[in-house]
There are 2 protein chains.
Amino acid sequence: MRMNDEFSPTIRPEYGRLRAVLVRSRNPLNIGAAARAMSNFGFAHLRVVQPYGPAFREARSAVGAAELLASAEEYGSVAEAVGDCALVVGTTAVGKRSIKHDIVRLEQGAERLREGLAAGNVALLFGSERTGLSNRDFSHCHWLMRIPTCEANISMNLGQAVAVCLYEIVRGAAAAPQAEAQTDTQTGPPGELIEQLTTTLFDALRAAGYLKPKTSAYTEAKLRRRVRRLKLSTEDAEAWLGMLKQMIWKMRRM
Amino acid sequence: MRMNDEFSPTIRPEYGRLRAVLVRSRNPLNIGAAARAMSNFGFAHLRVVQPYGPAFREARSAVGAAELLASAEEYGSVAEAVGDCALVVGTTAVGKRSIKHDIVRLEQGAERLREGLAAGNVALLFGSERTGLSNRDFSHCHWLMRIPTCEANISMNLGQAVAVCLYEIVRGAAAAPQAEAQTDTQTGPPGELIEQLTTTLFDALRAAGYLKPKTSAYTEAKLRRRVRRLKLSTEDAEAWLGMLKQMIWKMRRM
């Protein structure tokens, strides 16, 4: 088993500068889900603008993020919510509205967001479940970002959209690609153990009547290759050897 | 304004081979949310194993994915749900349990999943909201995948976890070159053949007295993993099955 650490994202101090801003969210569950995703990926500052339900802070969907939700800041307008941010970015599924802003794909957008975070506070805006961000909301944004979804269903659930965006910000920040841990399987046991396993298999198959007492060289070679293709680890080879020996013992006891 | 097309993910035909499998989900809303994310990212086949609520098909959270949810297949066990899959992958937040499987980060995992999809059906398992996948569920998996979340809150909401995983499969495909068709040997036989080989091995080991008639779930899970680690081709799996059957026949003839 690997330790958790190597699976944890790199949390950079500047992530503390991100403000996730939910504009006119209607469902408290979604606000809770957004809080949970923020906590999953190491972000802390949630802001809500004119939320529909006043009781959003009790959202049970905020598993593990109750504190984050309790400290969420409530604003009456987008202008106020982004007041301390040097970069303001909106998210959109791109509907039929004519959008004048630059729109970038999430992957490129996340890179720009990380650059922005290195310099100052950044607001990332998510619109309401029904209508998304309005043109008026967009007017506060420097540019827009879109999660690449299918034409057939471009509109994502709010909590899922927040999760995917934050995942991408954190994912892209990971420096060198994680090297895959090596397993014993890749080196394998010594040849003599594999040969012992092979001859034991011959014995078992002869005892079972699957092989004739005098096996042809062709059949032996074929089985030998089959055993080697298993690419067993030492531990596995020894385990299979033990199982075969037990079966041979049983068959010969007759 | 840019056109939508350049923002849409590349939907490859092989995505039709992915089966998202929700095991013992408790909340119908989460099943609906999973369906919605699948539809957002171009996947079609949802399977549920022993869902808690029978009314999951009416989940209102499946916006834009009602059809996908209606065609979801319900199974009584993980074994049945992954029966037609050559590659079975579990997701885990890695808790306190000691996990014997290989665990890879989502990014590397998604790459392996795409390779698997190029060759055959792939099952991606998600556990229940409360407990995740059990060790018994894991025993059906070839390896496990983990979304890199923070130590402070590693556990993601089910619908959000599905969204992030599917996003990563699609995202990575945009960069990676189109996978060439793989040979059967590289991905392995369907899950049901491997499961048949496993249960036949249990029979053989019981006939030999190596296993007690009532085997502990722990021992069974351990052996199940050992068989899956062999990464057999269809031809090899069938050959080993034949050898085991002959030995069983011999041992039982006594």
# chains A, B, ... in the order shown; residues from 1 in each chain; ligands from 1

call {"tool": "interface_residues", "arguments": {"of": "chain A", "to": "chain B", "cutoff": "6 Å", "atoms": "only C-alpha atoms", "output": "JSON, numbers by chain"}}
result
{"A": [1, 7, 8, 9, 40, 41, 64, 99, 100, 148, 149, 150, 153, 154, 160, 164, 208, 230, 247, 250, 251]}

call {"tool": "residues_around", "arguments": {"residues": "B:Cys85", "least_positions_apart": "4", "cutoff": "7 Å", "atoms": "only C-alpha atoms", "output": "ChimeraX atom specification"}}
result
/B:121-123,190-191

call {"tool": "write_last_selection", "arguments": {"atoms": "N, CA and C atoms", "output": "CSV table (one decimal), in the first residue's frame"}}
result
chain,number,residue,atom,x,y,z
B,121,ASN,N,-14.2,-3.6,-23.1
B,121,ASN,CA,-15.0,-2.9,-22.1
B,121,ASN,C,-14.2,-2.7,-20.8
B,122,VAL,N,-14.5,-1.6,-20.2
B,122,VAL,CA,-13.8,-1.2,-18.9
B,122,VAL,C,-14.9,-0.8,-17.9
B,123,ALA,N,-14.8,-1.4,-16.7
B,123,ALA,CA,-15.7,-1.0,-15.6
B,123,ALA,C,-14.9,0.0,-14.7
B,190,PRO,N,-12.4,-11.2,-20.8
B,190,PRO,CA,-13.6,-10.6,-20.1
B,190,PRO,C,-13.6,-11.0,-18.6
B,191,GLY,N,-14.1,-10.1,-17.8
B,191,GLY,CA,-14.2,-10.4,-16.4
B,191,GLY,C,-14.8,-11.7,-16.0

call {"tool": "calpha_fit_rmsd", "arguments": {"fixed": "chain A", "moving": "chain B"}}
result
25.2 Å

call {"tool": "atom_distance", "arguments": {"atom1": "atom CA of A:Arg12", "atom2": "atom CA of A:Gly172"}}
result
12.0 Å

call {"tool": "atom_distance", "arguments": {"atom1": "atom CA of A:Gln50", "atom2": "atom CA of B:Arg60"}}
result
23.8 Å

call {"tool": "residues_around", "arguments": {"residues": "B:Pro51", "least_positions_apart": "3", "cutoff": "12 Å", "atoms": "only C-alpha atoms", "output": "NGL selection string"}}
result
:B and (21-31 or 47-48 or 54-57 or 72-78 or 126-129)

call {"tool": "write_last_selection", "arguments": {"atoms": "N, CA, C and O atoms", "output": "JSON list (two decimals), in the first residue's frame"}}
result
[["chain", "number", "residue", "atom", "x", "y", "z"],
["B", 21, "VAL", "N", -19.84, 2.15, -12.77],
["B", 21, "VAL", "CA", -20.58, 1.25, -11.88],
["B", 21, "VAL", "C", -20.66, 1.86, -10.48],
["B", 21, "VAL", "O", -19.64, 2.04, -9.81],
["B", 22, "LEU", "N", -21.87, 2.18, -10.04],
["B", 22, "LEU", "CA", -22.06, 2.74, -8.70],
["B", 22, "LEU", "C", -22.48, 1.61, -7.77],
["B", 22, "LEU", "O", -23.53, 1.00, -7.96],
["B", 23, "VAL", "N", -21.65, 1.34, -6.77],
["B", 23, "VAL", "CA", -21.88, 0.19, -5.90],
["B", 23, "VAL", "C", -22.53, 0.64, -4.58],
["B", 23, "VAL", "O", -21.96, 1.44, -3.84],
["B", 24, "ARG", "N", -23.75, 0.13, -4.34],
["B", 24, "ARG", "CA", -24.48, 0.43, -3.10],
["B", 24, "ARG", "C", -24.62, 1.92, -2.80],
["B", 24, "ARG", "O", -24.48, 2.34, -1.65],
["B", 25, "SER", "N", -24.91, 2.70, -3.83],
["B", 25, "SER", "CA", -25.13, 4.13, -3.60],
["B", 25, "SER", "C", -26.37, 4.31, -2.74],
["B", 25, "SER", "O", -27.37, 3.64, -2.93],
["B", 26, "ARG", "N", -26.29, 5.23, -1.79],
["B", 26, "ARG", "CA", -27.41, 5.44, -0.87],
["B", 26, "ARG", "C", -28.33, 6.56, -1.32],
["B", 26, "ARG", "O", -29.51, 6.55, -1.04],
["B", 27, "ASN", "N", -27.78, 7.54, -2.00],
["B", 27, "ASN", "CA", -28.55, 8.74, -2.33],
["B", 27, "ASN", "C", -28.89, 8.81, -3.82],
["B", 27, "ASN", "O", -27.99, 8.95, -4.66],
["B", 28, "PRO", "N", -30.19, 8.72, -4.15],
["B", 28, "PRO", "CA", -30.60, 8.78, -5.56],
["B", 28, "PRO", "C", -30.10, 10.05, -6.25],
["B", 28, "PRO", "O", -29.80, 10.02, -7.44],
["B", 29, "LEU", "N", -29.98, 11.14, -5.50],
["B", 29, "LEU", "CA", -29.49, 12.39, -6.09],
["B", 29, "LEU", "C", -28.08, 12.20, -6.64],
["B", 29, "LEU", "O", -27.72, 12.75, -7.68],
["B", 30, "ASN", "N", -27.29, 11.40, -5.94],
["B", 30, "ASN", "CA", -25.92, 11.16, -6.40],
["B", 30, "ASN", "C", -25.88, 10.31, -7.66],
["B", 30, "ASN", "O", -25.04, 10.51, -8.53],
["B", 31, "ILE", "N", -26.81, 9.37, -7.74],
["B", 31, "ILE", "CA", -26.88, 8.55, -8.97],
["B", 31, "ILE", "C", -27.28, 9.46, -10.13],
["B", 31, "ILE", "O", -26.71, 9.38, -11.22],
["B", 47, "ARG", "N", -24.21, 1.68, -14.62],
["B", 47, "ARG", "CA", -24.67, 0.46, -13.95],
["B", 47, "ARG", "C", -24.74, 0.72, -12.44],
["B", 47, "ARG", "O", -23.85, 1.37, -11.91],
["B", 48, "VAL", "N", -25.76, 0.19, -11.82],
["B", 48, "VAL", "CA", -25.85, 0.34, -10.36],
["B", 48, "VAL", "C", -25.93, -1.05, -9.73],
["B", 48, "VAL", "O", -26.59, -1.94, -10.25],
["B", 54, "PRO", "N", -35.00, 2.39, -4.44],
["B", 54, "PRO", "CA", -35.46, 1.80, -5.69],
["B", 54, "PRO", "C", -35.86, 2.89, -6.69],
["B", 54, "PRO", "O", -35.92, 2.65, -7.89],
["B", 55, "ALA", "N", -36.11, 4.09, -6.19],
["B", 55, "ALA", "CA", -36.63, 5.15, -7.05],
["B", 55, "ALA", "C", -35.53, 6.01, -7.67],
["B", 55, "ALA", "O", -35.76, 7.13, -8.07],
["B", 56, "PHE", "N", -34.32, 5.44, -7.73],
["B", 56, "PHE", "CA", -33.21, 6.27, -8.20],
["B", 56, "PHE", "C", -33.40, 6.80, -9.61],
["B", 56, "PHE", "O", -32.86, 7.85, -9.96],
["B", 57, "ARG", "N", -34.20, 6.10, -10.42],
["B", 57, "ARG", "CA", -34.36, 6.54, -11.81],
["B", 57, "ARG", "C", -35.09, 7.86, -11.95],
["B", 57, "ARG", "O", -35.10, 8.48, -12.99],
["B", 72, "ALA", "N", -30.10, 2.88, -17.29],
["B", 72, "ALA", "CA", -29.11, 2.34, -16.36],
["B", 72, "ALA", "C", -29.47, 0.89, -16.04],
["B", 72, "ALA", "O", -30.63, 0.55, -15.92],
["B", 73, "GLU", "N", -28.44, 0.06, -15.92],
["B", 73, "GLU", "CA", -28.69, -1.36, -15.64],
["B", 73, "GLU", "C", -28.45, -1.65, -14.16],
["B", 73, "GLU", "O", -27.47, -1.18, -13.59],
["B", 74, "GLU", "N", -29.34, -2.42, -13.56],
["B", 74, "GLU", "CA", -29.26, -2.72, -12.14],
["B", 74, "GLU", "C", -28.74, -4.15, -11.95],
["B", 74, "GLU", "O", -29.23, -5.08, -12.59],
["B", 75, "TYR", "N", -27.78, -4.32, -11.05],
["B", 75, "TYR", "CA", -27.20, -5.64, -10.81],
["B", 75, "TYR", "C", -27.24, -6.00, -9.32],
["B", 75, "TYR", "O", -27.26, -5.12, -8.47],
["B", 76, "GLY", "N", -27.22, -7.29, -9.06],
["B", 76, "GLY", "CA", -27.25, -7.75, -7.68],
["B", 76, "GLY", "C", -25.87, -7.89, -7.06],
["B", 76, "GLY", "O", -25.72, -7.98, -5.85],
["B", 77, "SER", "N", -24.84, -7.93, -7.91],
["B", 77, "SER", "CA", -23.48, -8.08, -7.37],
["B", 77, "SER", "C", -22.47, -7.40, -8.29],
["B", 77, "SER", "O", -22.75, -7.18, -9.48],
["B", 78, "VAL", "N", -21.31, -7.10, -7.72],
["B", 78, "VAL", "CA", -20.24, -6.50, -8.51],
["B", 78, "VAL", "C", -19.80, -7.47, -9.59],
["B", 78, "VAL", "O", -19.57, -7.09, -10.74],
["B", 126, "PHE", "N", -17.37, 2.97, -8.38],
["B", 126, "PHE", "CA", -17.45, 3.98, -7.32],
["B", 126, "PHE", "C", -18.24, 3.38, -6.16],
["B", 126, "PHE", "O", -19.31, 2.83, -6.36],
["B", 127, "GLY", "N", -17.71, 3.53, -4.94],
["B", 127, "GLY", "CA", -18.36, 2.93, -3.78],
["B", 127, "GLY", "C", -19.46, 3.79, -3.19],
["B", 127, "GLY", "O", -19.77, 4.87, -3.70],
["B", 128, "SER", "N", -20.03, 3.31, -2.10],
["B", 128, "SER", "CA", -21.13, 4.04, -1.47],
["B", 128, "SER", "C", -20.61, 5.30, -0.78],
["B", 128, "SER", "O", -19.44, 5.41, -0.45],
["B", 129, "GLU", "N", -21.53, 6.25, -0.58],
["B", 129, "GLU", "CA", -21.18, 7.53, 0.02],
["B", 129, "GLU", "C", -20.52, 7.37, 1.39],
["B", 129, "GLU", "O", -19.63, 8.12, 1.75]]

call {"tool": "select_by_dssp", "arguments": {"residues": "stretch 35-203 of chain B", "states": "helix (DSSP H, G or I)", "output": "PyMOL selection string"}}
result
chain B and resi 35-41+54-58+66-70+78-81+106-117+135-138+151-153+158-175+184-187+191-203

call {"tool": "atom_distance", "arguments": {"atom1": "atom CA of B:Phe138", "atom2": "atom CA of B:Leu125"}}
result
9.1 Å
